[in-house]
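The data block below is target_33.txt; it holds compact mmCIF, C-alpha atoms.
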# COMPACT_ATOMS: atom_id res chain seq x y z
CA MET A 1 -2.34 -21.57 -28.02
CA SER A 2 -5.52 -19.60 -28.53
CA GLU A 3 -7.77 -21.10 -31.19
CA THR A 4 -9.08 -17.67 -32.15
CA ASP A 5 -7.53 -14.39 -33.27
CA ARG A 6 -8.38 -12.88 -29.93
CA PRO A 7 -5.67 -12.10 -27.38
CA LEU A 8 -5.30 -14.67 -24.62
CA VAL A 9 -5.03 -13.79 -20.93
CA THR A 10 -4.15 -16.33 -18.24
CA ALA A 11 -6.14 -16.21 -15.00
CA PHE A 12 -6.95 -18.47 -12.04
CA GLU A 13 -9.89 -20.85 -11.92
CA TRP A 14 -10.22 -20.37 -8.17
CA VAL A 15 -8.73 -18.13 -5.47
CA PRO A 16 -9.79 -17.63 -1.85
CA PRO A 17 -12.30 -14.85 -1.16
CA PHE A 18 -9.72 -12.31 0.12
CA ALA A 19 -7.97 -12.40 -3.27
CA ARG A 20 -11.04 -12.12 -5.50
CA GLY A 21 -10.93 -8.85 -7.37
CA LEU A 22 -7.21 -8.45 -6.61
CA VAL A 23 -5.69 -10.96 -9.05
CA ARG A 24 -3.75 -8.99 -11.61
CA ASP A 25 -5.43 -10.27 -14.75
CA LEU A 26 -8.06 -7.68 -13.75
CA ARG A 27 -5.76 -4.95 -15.06
CA VAL A 28 -5.46 -6.53 -18.48
CA ARG A 29 -9.18 -7.35 -18.70
CA TRP A 30 -9.98 -3.72 -17.79
CA ALA A 31 -7.72 -2.32 -20.52
CA LEU A 32 -9.24 -4.67 -23.08
CA GLU A 33 -12.76 -3.71 -21.98
CA GLU A 34 -11.95 0.01 -22.31
CA ILE A 35 -11.20 -0.47 -26.01
CA GLY A 36 -13.90 -3.05 -26.62
CA ALA A 37 -11.42 -5.77 -27.55
CA PRO A 38 -12.72 -9.33 -27.06
CA TYR A 39 -10.30 -11.77 -25.48
CA ASP A 40 -10.02 -15.38 -24.42
CA THR A 41 -8.93 -16.63 -21.02
CA GLU A 42 -6.85 -19.66 -20.12
CA LEU A 43 -7.68 -20.69 -16.57
CA LEU A 44 -4.90 -22.10 -14.38
CA ASN A 45 -4.86 -23.80 -10.99
CA ALA A 46 -3.65 -21.36 -8.31
CA ARG A 47 -3.18 -24.05 -5.68
CA THR A 48 -0.52 -26.09 -7.45
CA PRO A 49 2.59 -24.95 -9.34
CA ARG A 50 1.88 -24.39 -12.99
CA PRO A 51 3.51 -26.71 -15.58
CA ASP A 52 7.21 -25.98 -16.19
CA GLU A 53 6.39 -24.82 -19.71
CA TYR A 54 4.45 -21.92 -18.21
CA LEU A 55 7.68 -20.39 -16.85
CA ALA A 56 8.70 -19.63 -20.42
CA ARG A 57 5.63 -17.39 -20.66
CA GLN A 58 5.63 -16.03 -17.09
CA PRO A 59 9.03 -16.45 -15.38
CA PHE A 60 7.59 -15.91 -11.87
CA ASP A 61 4.83 -18.53 -12.34
CA GLN A 62 2.12 -15.91 -11.80
CA VAL A 63 -0.89 -14.67 -13.73
CA PRO A 64 -1.48 -13.02 -16.06
CA ALA A 65 0.56 -14.03 -19.05
CA PHE A 66 -0.64 -12.52 -22.32
CA ARG A 67 -0.48 -13.76 -25.89
CA ASP A 68 -1.41 -11.74 -28.97
CA GLY A 69 -0.75 -13.54 -32.23
CA GLU A 70 2.95 -14.41 -32.23
CA LEU A 71 3.81 -12.25 -29.22
CA ASP A 72 4.08 -13.45 -25.63
CA LEU A 73 4.11 -10.86 -22.85
CA PHE A 74 4.41 -10.96 -19.07
CA GLU A 75 4.14 -8.36 -16.27
CA THR A 76 0.96 -6.30 -16.18
CA GLY A 77 2.92 -3.08 -16.65
CA ALA A 78 4.33 -4.37 -19.93
CA ILE A 79 0.96 -5.70 -21.10
CA LEU A 80 -0.75 -2.38 -20.31
CA LEU A 81 1.97 -0.52 -22.21
CA TYR A 82 1.55 -2.88 -25.17
CA LEU A 83 -2.20 -2.27 -25.29
CA GLY A 84 -1.65 1.46 -24.75
CA GLU A 85 0.61 1.67 -27.78
CA ARG A 86 -2.20 0.21 -29.85
CA ASP A 87 -5.01 2.55 -28.77
CA GLU A 88 -4.89 6.21 -27.78
CA ARG A 89 -7.87 5.73 -25.49
CA LEU A 90 -5.36 3.98 -23.23
CA LEU A 91 -2.22 6.05 -23.81
CA PRO A 92 -1.50 9.27 -25.71
CA ALA A 93 0.66 8.46 -28.71
CA HIS A 94 3.19 11.28 -28.43
CA GLY A 95 5.00 13.87 -26.40
CA GLN A 96 4.69 14.97 -22.81
CA ALA A 97 1.23 13.42 -22.37
CA ARG A 98 2.60 9.99 -23.28
CA TRP A 99 5.55 10.24 -20.89
CA THR A 100 3.49 11.66 -18.04
CA ALA A 101 1.17 8.65 -18.32
CA ILE A 102 4.09 6.22 -18.50
CA GLY A 103 5.71 7.92 -15.48
CA TRP A 104 2.53 7.38 -13.49
CA LEU A 105 2.26 3.78 -14.72
CA PHE A 106 5.67 3.06 -13.22
CA SER A 107 4.76 5.08 -10.11
CA ALA A 108 1.75 2.88 -9.46
CA LEU A 109 3.83 -0.28 -9.75
CA ASN A 110 7.14 0.83 -8.22
CA SER A 111 6.44 3.76 -5.85
CA VAL A 112 2.98 2.83 -4.50
CA GLU A 113 2.32 -0.91 -4.93
CA PRO A 114 5.38 -2.10 -2.94
CA VAL A 115 4.17 -0.43 0.25
CA VAL A 116 0.56 -1.49 -0.39
CA THR A 117 1.81 -5.07 -0.71
CA ARG A 118 3.65 -4.72 2.61
CA ILE A 119 0.38 -3.72 4.32
CA VAL A 120 -1.39 -6.73 2.76
CA THR A 121 1.50 -9.01 3.76
CA TYR A 122 1.21 -7.95 7.39
CA ASP A 123 -2.61 -7.78 7.58
CA VAL A 124 -3.53 -10.86 5.59
CA PHE A 125 -0.64 -13.32 5.38
CA ASN A 126 0.88 -12.72 8.84
CA LYS A 127 -2.08 -11.42 10.82
CA ASP A 128 -1.49 -13.95 13.61
CA LYS A 129 2.14 -12.90 14.14
CA ASP A 130 3.12 -10.45 16.89
CA TRP A 131 5.82 -8.86 14.78
CA ALA A 132 3.38 -8.08 11.97
CA ALA A 133 1.53 -5.43 13.98
CA GLN A 134 4.76 -3.52 14.58
CA ALA A 135 5.97 -3.92 11.03
CA ARG A 136 2.55 -2.72 9.89
CA GLU A 137 2.84 0.45 11.95
CA SER A 138 6.15 1.27 10.28
CA ALA A 139 4.75 0.58 6.80
CA THR A 140 1.56 2.55 7.41
CA GLY A 141 3.49 5.78 7.84
CA LEU A 142 5.33 5.24 4.57
CA CYS A 143 2.12 4.23 2.81
CA GLY A 144 0.44 7.43 3.99
CA GLN A 145 3.29 9.49 2.55
CA LYS A 146 2.91 7.84 -0.85
CA LEU A 147 -0.89 8.13 -0.86
CA LYS A 148 -0.62 11.82 0.06
CA ARG A 149 1.68 12.44 -2.89
CA VAL A 150 -0.76 10.82 -5.30
CA ASN A 151 -3.67 12.66 -3.66
CA ASP A 152 -1.89 16.00 -4.05
CA ALA A 153 -0.95 15.28 -7.66
CA LEU A 154 -4.66 14.73 -8.44
CA ALA A 155 -5.56 18.35 -7.53
CA GLY A 156 -7.78 19.66 -10.33
CA LYS A 157 -7.50 16.46 -12.34
CA ASP A 158 -9.83 13.50 -12.86
CA TRP A 159 -7.01 11.19 -13.96
CA LEU A 160 -3.30 11.04 -13.25
CA ALA A 161 -2.14 12.09 -16.71
CA GLY A 162 -5.07 14.39 -17.45
CA SER A 163 -7.09 12.02 -19.60
CA PHE A 164 -7.80 8.42 -18.57
CA SER A 165 -4.90 6.09 -19.30
CA ILE A 166 -3.17 2.83 -18.41
CA ALA A 167 -1.64 4.71 -15.46
CA ASP A 168 -5.12 4.87 -13.91
CA ILE A 169 -5.76 1.18 -14.53
CA ALA A 170 -2.57 0.42 -12.65
CA MET A 171 -3.09 2.92 -9.81
CA VAL A 172 -6.78 2.14 -9.17
CA THR A 173 -6.11 -1.61 -9.04
CA VAL A 174 -3.06 -1.05 -6.79
CA LEU A 175 -5.27 0.94 -4.40
CA ASN A 176 -7.75 -1.98 -4.40
CA GLY A 177 -5.17 -3.78 -2.25
CA LEU A 178 -6.06 -1.42 0.61
CA ARG A 179 -9.80 -2.18 0.43
CA HIS A 180 -9.65 -3.90 3.85
CA THR A 181 -8.38 -0.63 5.42
CA GLU A 182 -9.44 3.02 5.73
CA LEU A 183 -6.12 4.32 4.43
CA VAL A 184 -7.37 5.61 1.07
CA ALA A 185 -10.38 7.31 2.70
CA GLU A 186 -7.99 9.62 4.59
CA TYR A 187 -7.20 11.37 1.31
CA PRO A 188 -10.40 12.81 -0.23
CA GLN A 189 -9.08 13.47 -3.74
CA LEU A 190 -7.54 10.01 -3.83
CA ALA A 191 -10.70 8.33 -2.53
CA ALA A 192 -12.83 10.15 -5.12
CA TYR A 193 -10.34 9.15 -7.82
CA HIS A 194 -10.45 5.51 -6.78
CA GLN A 195 -14.24 5.55 -6.83
CA ARG A 196 -14.23 7.27 -10.24
CA GLY A 197 -12.08 4.44 -11.58
CA THR A 198 -14.12 1.60 -10.15
CA GLU A 199 -17.34 3.14 -11.46
CA ARG A 200 -16.22 3.00 -15.09
CA PRO A 201 -18.35 0.48 -17.00
CA ALA A 202 -15.23 -1.20 -18.39
CA TYR A 203 -13.90 -1.75 -14.86
CA LYS A 204 -17.18 -3.33 -13.81
CA ARG A 205 -17.24 -5.62 -16.83
CA ALA A 206 -13.64 -6.68 -16.16
CA LEU A 207 -14.35 -7.39 -12.49
CA ASP A 208 -17.48 -9.35 -13.33
CA ALA A 209 -15.51 -11.39 -15.86
CA GLN A 210 -12.76 -12.19 -13.34
CA MET A 211 -15.34 -13.26 -10.75
CA ALA A 212 -17.26 -15.34 -13.29
CA ASP A 213 -14.06 -17.27 -14.12
CA PHE A 214 -13.66 -18.54 -10.54
CA VAL A 215 -15.48 -21.68 -11.55
CA ALA A 216 -13.50 -24.44 -9.90
CA ASP A 217 -14.72 -26.38 -6.89
CA PRO A 218 -12.16 -25.57 -4.18
CA THR A 219 -12.77 -28.73 -2.17
CA MET B 1 16.53 24.62 -16.88
CA SER B 2 19.59 23.10 -18.44
CA GLU B 3 21.74 25.68 -20.18
CA THR B 4 22.92 23.13 -22.70
CA ASP B 5 21.24 20.76 -25.16
CA ARG B 6 22.22 17.84 -22.98
CA PRO B 7 19.64 15.93 -20.98
CA LEU B 8 19.44 16.89 -17.31
CA VAL B 9 19.35 14.35 -14.45
CA THR B 10 18.65 15.31 -10.85
CA ALA B 11 20.79 13.70 -8.15
CA PHE B 12 21.75 14.29 -4.53
CA GLU B 13 24.74 16.38 -3.45
CA TRP B 14 25.25 14.16 -0.39
CA VAL B 15 23.85 10.89 0.99
CA PRO B 16 25.08 8.75 3.90
CA PRO B 17 27.60 6.00 3.08
CA PHE B 18 25.05 3.14 3.12
CA ALA B 19 23.13 4.80 0.25
CA ARG B 20 26.09 5.63 -1.99
CA GLY B 21 25.85 3.63 -5.18
CA LEU B 22 22.16 2.88 -4.52
CA VAL B 23 20.56 6.23 -5.40
CA ARG B 24 18.47 5.69 -8.48
CA ASP B 25 20.01 8.34 -10.72
CA LEU B 26 22.67 5.61 -11.20
CA ARG B 27 20.25 3.79 -13.53
CA VAL B 28 19.82 6.81 -15.78
CA ARG B 29 23.52 7.68 -15.76
CA TRP B 30 24.32 4.07 -16.72
CA ALA B 31 21.92 4.09 -19.68
CA LEU B 32 23.35 7.40 -20.89
CA GLU B 33 26.91 6.08 -20.54
CA GLU B 34 26.02 2.94 -22.55
CA ILE B 35 25.10 5.12 -25.54
CA GLY B 36 27.81 7.72 -24.98
CA ALA B 37 25.30 10.51 -24.40
CA PRO B 38 26.68 13.42 -22.35
CA TYR B 39 24.35 14.81 -19.67
CA ASP B 40 24.17 17.49 -17.02
CA THR B 41 23.27 16.95 -13.39
CA GLU B 42 21.26 19.17 -11.07
CA LEU B 43 22.29 18.39 -7.49
CA LEU B 44 19.64 18.57 -4.76
CA ASN B 45 19.79 18.45 -0.98
CA ALA B 46 18.67 15.02 0.26
CA ARG B 47 18.38 16.12 3.89
CA THR B 48 15.65 18.73 3.45
CA PRO B 49 12.44 18.61 1.39
CA ARG B 50 12.95 19.81 -2.13
CA PRO B 51 11.24 23.08 -3.22
CA ASP B 52 7.50 22.69 -3.92
CA GLU B 53 8.14 23.34 -7.62
CA TYR B 54 10.12 20.11 -7.76
CA LEU B 55 6.95 18.07 -7.13
CA ALA B 56 5.73 19.07 -10.59
CA ARG B 57 8.77 17.26 -12.00
CA GLN B 58 8.91 14.37 -9.49
CA PRO B 59 5.61 13.87 -7.63
CA PHE B 60 7.23 11.75 -4.89
CA ASP B 61 9.99 14.33 -4.19
CA GLN B 62 12.69 11.82 -5.08
CA VAL B 63 15.59 11.66 -7.52
CA PRO B 64 16.03 11.32 -10.38
CA ALA B 65 13.86 13.59 -12.43
CA PHE B 66 14.88 13.84 -16.07
CA ARG B 67 14.57 16.61 -18.62
CA ASP B 68 15.31 16.31 -22.34
CA GLY B 69 14.51 19.44 -24.31
CA GLU B 70 10.84 20.14 -23.72
CA LEU B 71 10.10 16.80 -22.05
CA ASP B 72 10.03 16.16 -18.31
CA LEU B 73 10.10 12.56 -17.09
CA PHE B 74 10.00 10.86 -13.71
CA GLU B 75 10.36 7.25 -12.49
CA THR B 76 13.52 5.43 -13.53
CA GLY B 77 11.48 2.79 -15.39
CA ALA B 78 9.94 5.47 -17.61
CA ILE B 79 13.27 7.24 -18.16
CA LEU B 80 14.98 3.95 -19.11
CA LEU B 81 12.14 3.19 -21.54
CA TYR B 82 12.44 6.68 -23.04
CA LEU B 83 16.17 6.24 -23.63
CA GLY B 84 15.60 2.70 -24.89
CA GLU B 85 13.18 3.93 -27.54
CA ARG B 86 15.90 6.23 -28.81
CA ASP B 87 18.73 3.69 -29.09
CA GLU B 88 18.64 0.00 -29.96
CA ARG B 89 21.74 -0.62 -27.87
CA LEU B 90 19.36 -0.19 -24.92
CA LEU B 91 16.16 -1.78 -26.26
CA PRO B 92 15.31 -3.74 -29.43
CA ALA B 93 13.01 -1.61 -31.58
CA HIS B 94 10.46 -4.26 -32.54
CA GLY B 95 8.73 -7.53 -31.90
CA GLN B 96 9.20 -10.21 -29.28
CA ALA B 97 12.70 -9.00 -28.34
CA ARG B 98 11.32 -5.57 -27.44
CA TRP B 99 8.48 -6.96 -25.31
CA THR B 100 10.67 -9.52 -23.57
CA ALA B 101 13.01 -6.73 -22.51
CA ILE B 102 10.11 -4.54 -21.37
CA GLY B 103 8.63 -7.46 -19.45
CA TRP B 104 11.91 -7.91 -17.59
CA LEU B 105 12.17 -4.16 -16.99
CA PHE B 106 8.84 -4.28 -15.16
CA SER B 107 9.86 -7.52 -13.42
CA ALA B 108 12.93 -5.85 -11.96
CA LEU B 109 10.89 -2.97 -10.61
CA ASN B 110 7.63 -4.71 -9.63
CA SER B 111 8.42 -8.40 -8.97
CA VAL B 112 11.95 -8.18 -7.51
CA GLU B 113 12.65 -4.68 -6.17
CA PRO B 114 9.71 -4.61 -3.68
CA VAL B 115 11.03 -7.58 -1.73
CA VAL B 116 14.63 -6.30 -1.97
CA THR B 117 13.40 -3.01 -0.50
CA ARG B 118 11.73 -4.92 2.36
CA ILE B 119 15.07 -6.57 3.22
CA VAL B 120 16.79 -3.16 3.18
CA THR B 121 13.98 -1.67 5.30
CA TYR B 122 14.44 -4.32 7.96
CA ASP B 123 18.25 -4.53 7.86
CA VAL B 124 19.12 -0.85 7.53
CA PHE B 125 16.24 1.37 8.65
CA ASN B 126 14.90 -0.81 11.48
CA LYS B 127 17.93 -2.87 12.46
CA ASP B 128 17.53 -1.99 16.13
CA LYS B 129 13.90 -3.21 16.30
CA ASP B 130 13.03 -6.67 17.60
CA TRP B 131 10.20 -7.10 15.10
CA ALA B 132 12.48 -6.41 12.14
CA ALA B 133 14.40 -9.68 12.59
CA GLN B 134 11.18 -11.71 12.36
CA ALA B 135 9.81 -9.66 9.48
CA ARG B 136 13.16 -10.13 7.76
CA GLU B 137 12.92 -13.90 8.08
CA SER B 138 9.53 -13.88 6.37
CA ALA B 139 10.77 -11.60 3.57
CA THR B 140 13.97 -13.56 3.02
CA GLY B 141 12.02 -16.64 1.95
CA LEU B 142 10.03 -14.64 -0.58
CA CYS B 143 13.16 -12.86 -1.80
CA GLY B 144 14.85 -16.22 -2.36
CA GLN B 145 11.91 -17.38 -4.46
CA LYS B 146 12.14 -14.32 -6.70
CA LEU B 147 15.94 -14.52 -7.01
CA LYS B 148 15.67 -18.21 -7.94
CA ARG B 149 13.21 -17.37 -10.73
CA VAL B 150 15.57 -14.78 -12.19
CA ASN B 151 18.53 -17.14 -11.76
CA ASP B 152 16.68 -19.92 -13.59
CA ALA B 153 15.59 -17.59 -16.39
CA LEU B 154 19.25 -16.69 -16.99
CA ALA B 155 20.16 -20.28 -17.96
CA GLY B 156 22.22 -20.08 -21.14
CA LYS B 157 21.87 -16.31 -21.37
CA ASP B 158 24.22 -13.44 -20.54
CA TRP B 159 21.37 -10.93 -20.28
CA LEU B 160 17.68 -11.18 -19.40
CA ALA B 161 16.35 -10.47 -22.88
CA GLY B 162 19.23 -12.12 -24.78
CA SER B 163 21.16 -8.97 -25.64
CA PHE B 164 21.98 -6.29 -23.07
CA SER B 165 19.04 -3.92 -22.45
CA ILE B 166 17.40 -1.50 -20.03
CA ALA B 167 16.02 -4.57 -18.25
CA ASP B 168 19.55 -5.42 -17.15
CA ILE B 169 20.22 -1.86 -15.99
CA ALA B 170 17.11 -2.12 -13.81
CA MET B 171 17.75 -5.67 -12.52
CA VAL B 172 21.48 -5.23 -11.75
CA THR B 173 20.85 -1.99 -9.84
CA VAL B 174 17.92 -3.60 -7.98
CA LEU B 175 20.23 -6.45 -6.93
CA ASN B 176 22.74 -3.85 -5.67
CA GLY B 177 20.28 -3.32 -2.80
CA LEU B 178 21.27 -6.74 -1.45
CA ARG B 179 25.01 -5.95 -1.42
CA HIS B 180 25.06 -6.05 2.40
CA THR B 181 23.83 -9.70 2.29
CA GLU B 182 24.87 -13.04 0.79
CA LEU B 183 21.47 -13.61 -0.83
CA VAL B 184 22.55 -13.13 -4.45
CA ALA B 185 25.60 -15.36 -3.96
CA GLU B 186 23.28 -18.31 -3.27
CA TYR B 187 22.31 -18.33 -6.97
CA PRO B 188 25.42 -18.82 -9.14
CA GLN B 189 23.91 -17.75 -12.48
CA LEU B 190 22.41 -14.68 -10.84
CA ALA B 191 25.65 -13.78 -9.06
CA ALA B 192 27.63 -14.12 -12.31
CA TYR B 193 25.02 -11.99 -14.09
CA HIS B 194 25.23 -9.28 -11.44
CA GLN B 195 29.01 -9.24 -11.69
CA ARG B 196 28.80 -9.14 -15.50
CA GLY B 197 26.62 -6.05 -15.23
CA THR B 198 28.77 -4.18 -12.73
CA GLU B 199 31.91 -4.88 -14.77
CA ARG B 200 30.59 -3.05 -17.82
CA PRO B 201 32.67 0.10 -18.42
CA ALA B 202 29.50 2.19 -18.70
CA TYR B 203 28.36 1.00 -15.27
CA LYS B 204 31.70 1.92 -13.75
CA ARG B 205 31.63 5.38 -15.32
CA ALA B 206 28.09 5.94 -14.06
CA LEU B 207 28.97 4.84 -10.53
CA ASP B 208 32.10 7.00 -10.50
CA ALA B 209 30.02 9.97 -11.65
CA GLN B 210 27.42 9.45 -8.91
CA MET B 211 30.13 9.18 -6.27
CA ALA B 212 31.95 12.26 -7.60
CA ASP B 213 28.76 14.31 -7.26
CA PHE B 214 28.52 13.71 -3.50
CA VAL B 215 30.34 16.98 -3.02
CA ALA B 216 28.46 18.62 -0.17
CA ASP B 217 29.86 18.91 3.32
CA PRO B 218 27.45 16.89 5.48
CA THR B 219 28.23 18.74 8.70
Please go through the file and, once you have read it, give me the structure as structure tokens.
Amino acid sequence: MSETDRPLVTAFEWVPPFARGLVRDLRVRWALEEIGAPYDTELLNARTPRPDEYLARQPFDQVPAFRDGELDLFETGAILLYLGERDERLLPAHGQARWTAIGWLFSALNSVEPVVTRIVTYDVFNKDKDWAAQARESATGLCGQKLKRVNDALAGKDWLAGSFSIADIAMVTVLNGLRHTELVAEYPQLAAYHQRGTERPAYKRALDAQMADFVADPT
Amino acid sequence: MSETDRPLVTAFEWVPPFARGLVRDLRVRWALEEIGAPYDTELLNARTPRPDEYLARQPFDQVPAFRDGELDLFETGAILLYLGERDERLLPAHGQARWTAIGWLFSALNSVEPVVTRIVTYDVFNKDKDWAAQARESATGLCGQKLKRVNDALAGKDWLAGSFSIADIAMVTVLNGLRHTELVAEYPQLAAYHQRGTERPAYKRALDAQMADFVADPT
């Protein structure tokens, strides 16, 4: 339980270098930084299962879980939506603009992230396996198709739903998963969009805060 | 443009047998059937790219797209949320119950569906490839972990968020992707939950309606 009135975000106290900047509490920190909302963090051990009680807050035993007063939330998409409903700087309150942003929020998490995760699975977690190179080739074609669609949708726009929104927090952090590749660079509008996102001061503050919380001695 | 006041759902006029019952307009049809809301369908050709204009409605050139009056929506998660906000039979209006359901909605689409899709990719689209069997073995372990988490979360509950909601429409239809396997059957609470979902009269009406719309001659 947070001892303050500030929202509470769970995060890890240590992760290996390849995962730094990719852990999903970054999305929630970024949204909170965009609206200038202070928050507390509860740091968990990534190398051992969390206590059983944690499953009641995050059924997949992952981070982040989020607590705001009496409310407990899980899944970054849900937490972003919750914050978006509280501040129009994160999500238009009404009409087509709201639903376009929510459509792109789900796109980032359901149409784009799954194939990005496949690339990471093959390149990082199975890089020593013969089959991974062939599986990767198959996934790369599909990934390119998805990235091209997002690239094309960005024609004439700085942000997916017109103005900056939670959809961009989701999409930019999803694209971070490809940082070990040149896949995003093949699509100029998409690459410029990704850079535009990561250059926002709120993004930088959120990333710095995640990095600063990796305080545990890994040995 | 729909010529009626009814919402409009896009669907395919023909898909191969392995995809019947899995096309995602099923989710939207099911939600509409749960609240007794009549709708129109616009049937598209799955075998050729859709007209360029369609990308403005569905940026990934998929089905369903959804139109309700002046509003255009895409992504089944967003469409389910939209319908849920209009009817408490699909989503509690306030408080913890609302956010628990929304958390599970995102879980279905972002924590469970990606690994289900990997299994389908290996088993269906790459079944003749040597690498797919090894990739499948790796994914099956991860899929089992996710299914176990959902199974455990269902202890003492008929539905993910207590009462039936859009989260169940998403999760049950995601689990349909594993119908060619025995993976769900390994988790008794999950298997009973899946059966409970597919036995709902609204589900059956939605599935019948999707099947009835596969009217085109594939030759």
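Taking all atoms listed in the file into account, Phe74 in chain B lies nearest to B:Asp25 out of the set B:Asp25, B:Asp168, B:Glu34, B:Asp123.
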Can you write out as a Markdown table which residues of chain A fall within 8 Å of chain B, alongside each residue's closest atom pair and its distance in Å to one decimal, counting all atoms listed in the file and ordering rows by chain and ascending residue number?
| residue | atom | partner | partner_atom | distance |
| --- | --- | --- | --- | --- |
| A:Pro59 | CA | B:Arg149 | CA | 6.3 |
| A:Phe60 | CA | B:Arg149 | CA | 5.9 |
| A:Leu71 | CA | B:Gln96 | CA | 5.8 |
| A:Asp72 | CA | B:Gln96 | CA | 7.1 |
| A:Leu73 | CA | B:Trp99 | CA | 6.4 |
| A:Phe74 | CA | B:Gly103 | CA | 5.5 |
| A:Glu75 | CA | B:Gly103 | CA | 5.6 |
| A:Gly77 | CA | B:Phe106 | CA | 6.2 |
| A:Ala78 | CA | B:Gly103 | CA | 5.3 |
| A:Gly95 | CA | B:Leu71 | CA | 7.3 |
| A:Gln96 | CA | B:Leu71 | CA | 5.8 |
| A:Trp99 | CA | B:Leu73 | CA | 6.4 |
| A:Thr100 | CA | B:Leu73 | CA | 6.7 |
| A:Ile102 | CA | B:Ala78 | CA | 6.0 |
| A:Gly103 | CA | B:Ala78 | CA | 5.3 |
| A:Trp104 | CA | B:Glu75 | CA | 7.9 |
| A:Phe106 | CA | B:Gly77 | CA | 6.2 |
| A:Ser107 | CA | B:Glu75 | CA | 6.5 |
| A:Leu109 | CA | B:Asn110 | CA | 5.8 |
| A:Asn110 | CA | B:Asn110 | CA | 5.7 |
| A:Pro114 | CA | B:Pro114 | CA | 5.1 |
| A:Val115 | CA | B:Pro114 | CA | 8.0 |
| A:Trp131 | CA | B:Trp131 | CA | 4.7 |
| A:Ala132 | CA | B:Ala135 | CA | 7.1 |
| A:Gln134 | CA | B:Trp131 | CA | 6.5 |
| A:Ala135 | CA | B:Trp131 | CA | 6.7 |
| A:Lys146 | CA | B:Phe60 | CA | 7.1 |
| A:Arg149 | CA | B:Phe60 | CA | 5.9 |
| A:Val150 | CA | B:Pro59 | CA | 7.4 |
| A:Ala153 | CA | B:Pro59 | CA | 6.7 |
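Between CA of Leu207 in chain B and CA of Ala192 in chain B there is a distance of 19.1 Å.
We find CA of Ala19 in chain A and CA of Glu42 in chain A to be spaced 18.4 Å apart.
Closest approach to Val174 in chain B among B:Leu43, B:Ala161, B:Val116, B:Ala65: B:Val116, based on only C-alpha atoms.
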